[in-house]
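Okay, structure first, notes after.
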Amino acid sequence: MGSETAKAVLAEEPELRLVGAVDPREAGVDLGDIIRVPDCEIKVSEHLNQVLASTQADVVVDFTNPQAVLENAKTALENGAAPVIGTTGLDVVGIAELQKLSERADRAVLIVPNFALGAVLMMDFARYAARYFNNVEIIEMHHDQKIDAPSGTALKTAQMIQQEREPFTQGHPEEYEKLTGARGGESEGIRIHSVRLPGLVAHQEVIFGSPGQTLTIRHDSLHRESFMPGVLMAIRKVRELKGVVIGLEKILD
């Protein structure tokens, strides 16, 4: 995702300017060699604070991991940059901390579980369908290198559905699992199942059921370039926001 973002920003010149890249595993390497874009003239840095101090960047896009994302966002705010976060794993305590830092720095934090515009629509359609269907399960499918489960998109979808209905317990009251985890995780009665396989990128089905019918809402990201229009939109608009904003739908027209 970092490589795709770098290529997308470079392609948007002169409206956007890429001023740095951070990856401790590739420190010192020419970014152009990694993303196969000649004449990039940017060396990958090991530390985010060094890049921010030398470039005075306006926006930091984070596609790292749950262990690093909070500290990266704090570092960005402390250096006057607005974080655009595509990494899942921030909990309510971390978000509350970022809210305080955001207000102090007068820079917004934009947290986006999924940058694909189709995925945003999928979640919105699911929220609408929840007004008419109580029974629903979510199946999210990602590549086998994704380390967190369920995905941020699945959790966000469940949250949006919950806004439209009261907590509801699905299935037979005496249901039991012969294999622990067979029924997936549960969020206020909504079962969430995670699949991890090579060959997948990012996919989700929201399956609603009622007597005599089912309704399936599905979105598939077949390549990481599907996320780039949303990433570029977030970069352009984050400086117009205030506080912590969660979800790409908050900046759609």
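Labeling convention for the structure tokens: chains A, B, ... as they appear, residues from 1 per chain, ligands from 1 in order of appearance.
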Residues within 9 Å of Pro198 in chain A, only C-alpha atoms, excluding chain neighbours under 3 positions, as a list in words:
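Returned residues: His142, His143, Asp144, Gln145 and Val201 of chain A.
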Hey, what does DSSP flag as helix (DSSP H, G or I) within range 72-195 of chain A? Can you give it to me as a ChimeraX atom specification?
/A:72-78,92-105,117-129,152-162
Considering only C-alpha atoms, return as a PyMOL selection string whatever protein or nucleic-acid residues lie within 10 Å of Gln56 in chain A, sequence-local ones (same chain, fewer than 3 positions apart) excluded.
chain A and resi 19+51-53+59+79-81
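Every protein or nucleic acid residue with an atom no more than 10 Å from Lys100 in chain A, counting only C-alpha atoms and leaving out same-chain residues fewer than 6 positions away, appears here: A:Asp106, A:Gly243, A:Val244.
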Close residues, Glu166 in chain A itself excluded, 12 Å, only C-alpha atoms, min 6 positions apart in chain, as an NGL selection string:
:A and (130-131 or 133-135 or 159-160 or 188-190)
Go ahead and save the residues from that selection, with N, CA and C atoms, as a PDB file, in the first residue's frame.
```
ATOM      1  N   ALA A 130     -30.051  -3.018   6.895  1.00  0.00           N
ATOM      2  CA  ALA A 130     -30.258  -3.440   8.289  1.00  0.00           C
ATOM      3  C   ALA A 130     -31.562  -2.919   8.876  1.00  0.00           C
ATOM      4  N   ARG A 131     -32.157  -1.921   8.245  1.00  0.00           N
ATOM      5  CA  ARG A 131     -33.453  -1.426   8.708  1.00  0.00           C
ATOM      6  C   ARG A 131     -34.556  -2.454   8.476  1.00  0.00           C
ATOM      7  N   PHE A 133     -33.711  -6.050   7.689  1.00  0.00           N
ATOM      8  CA  PHE A 133     -33.260  -7.407   7.983  1.00  0.00           C
ATOM      9  C   PHE A 133     -32.523  -7.412   9.323  1.00  0.00           C
ATOM     10  N   ASN A 134     -33.003  -8.218  10.279  1.00  0.00           N
ATOM     11  CA  ASN A 134     -32.300  -8.328  11.553  1.00  0.00           C
ATOM     12  C   ASN A 134     -31.114  -9.285  11.475  1.00  0.00           C
ATOM     13  N   ASN A 135     -31.281 -10.368  10.740  1.00  0.00           N
ATOM     14  CA  ASN A 135     -30.264 -11.410  10.693  1.00  0.00           C
ATOM     15  C   ASN A 135     -29.204 -11.098   9.645  1.00  0.00           C
ATOM     16  N   GLN A 159     -20.475  -1.990  12.984  1.00  0.00           N
ATOM     17  CA  GLN A 159     -20.837  -0.795  13.756  1.00  0.00           C
ATOM     18  C   GLN A 159     -21.946  -0.010  13.063  1.00  0.00           C
ATOM     19  N   MET A 160     -21.850   0.122  11.753  1.00  0.00           N
ATOM     20  CA  MET A 160     -22.861   0.868  11.003  1.00  0.00           C
ATOM     21  C   MET A 160     -24.205   0.142  11.019  1.00  0.00           C
ATOM     22  N   GLU A 188     -22.155  -7.727  19.116  1.00  0.00           N
ATOM     23  CA  GLU A 188     -23.563  -7.415  19.389  1.00  0.00           C
ATOM     24  C   GLU A 188     -24.501  -8.265  18.536  1.00  0.00           C
ATOM     25  N   GLY A 189     -24.215  -9.559  18.494  1.00  0.00           N
ATOM     26  CA  GLY A 189     -25.083 -10.487  17.786  1.00  0.00           C
ATOM     27  C   GLY A 189     -24.734 -10.706  16.332  1.00  0.00           C
ATOM     28  N   ILE A 190     -23.825  -9.910  15.780  1.00  0.00           N
ATOM     29  CA  ILE A 190     -23.418 -10.052  14.383  1.00  0.00           C
ATOM     30  C   ILE A 190     -22.191 -10.947  14.320  1.00  0.00           C
TER      31      ILE A 190
END
```
Which polymer residues have any atom within 12 Å of an atom of Gly209 in chain A, counting only C-alpha atoms, with same-chain residues fewer than 4 positions away left out, as a PyMOL selection string?
chain A and resi 129-130+132-138+170-171+213-217
Could you please take those selected residues and save C-alpha atoms as a CSV table (one decimal), in the first residue's frame?
```csv
chain,number,residue,atom,x,y,z
A,129,ALA,CA,-30.5,-3.0,4.5
A,130,ALA,CA,-30.3,-3.4,8.3
A,132,TYR,CA,-35.3,-4.3,7.1
A,133,PHE,CA,-33.3,-7.4,8.0
A,134,ASN,CA,-32.3,-8.3,11.6
A,135,ASN,CA,-30.3,-11.4,10.7
A,136,VAL,CA,-26.9,-10.7,9.2
A,137,GLU,CA,-23.4,-12.2,9.0
A,138,ILE,CA,-20.2,-10.7,7.6
A,170,GLN,CA,-29.1,-14.7,16.0
A,171,GLY,CA,-29.4,-18.5,15.5
A,213,GLN,CA,-34.9,-14.9,1.1
A,214,THR,CA,-31.3,-13.7,1.4
A,215,LEU,CA,-29.6,-10.5,0.4
A,216,THR,CA,-25.9,-10.5,-0.3
A,217,ILE,CA,-23.9,-7.2,-0.7
```
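Across A:Leu31, A:Ile139, A:Ala6, A:Leu155, the tightest approach to Gly89 in chain A is made by A:Leu155 when counting only C-alpha atoms.
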Tell me, in Å to one decimal, how far CA of Asp148 in chain A is from CA of Pro113 in chain A.
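Taking CA of Asp148 in chain A and CA of Pro113 in chain A, their separation equals 12.5 Å.
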Which is closest to Ser45 in chain A among A:Pro24, A:Gly2, A:Ala105, A:Thr64, if we use only C-alpha atoms?
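Closest to Ser45 in chain A, using only C-alpha atoms: A:Pro24.
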I want to know what sits within 9 Å of Pro150 in chain A, based on only C-alpha atoms, with residues of the same chain fewer than 6 positions away left out; could you give that as an mmCIF file with C-alpha atoms, in the first residue's frame?
```cif
data_model
loop_
_atom_site.group_PDB
_atom_site.id
_atom_site.type_symbol
_atom_site.label_atom_id
_atom_site.label_comp_id
_atom_site.auth_asym_id
_atom_site.auth_seq_id
_atom_site.Cartn_x
_atom_site.Cartn_y
_atom_site.Cartn_z
ATOM 1 C CA GLU A 140 -14.277 -10.736 5.097
ATOM 2 C CA GLY A 185 -16.371 -13.670 16.224
ATOM 3 C CA ILE A 192 -17.929 -11.914 11.641
ATOM 4 C CA HIS A 193 -15.819 -14.502 9.795
ATOM 5 C CA SER A 194 -12.257 -13.899 8.561
ATOM 6 C CA VAL A 195 -10.620 -15.761 5.673
#
```
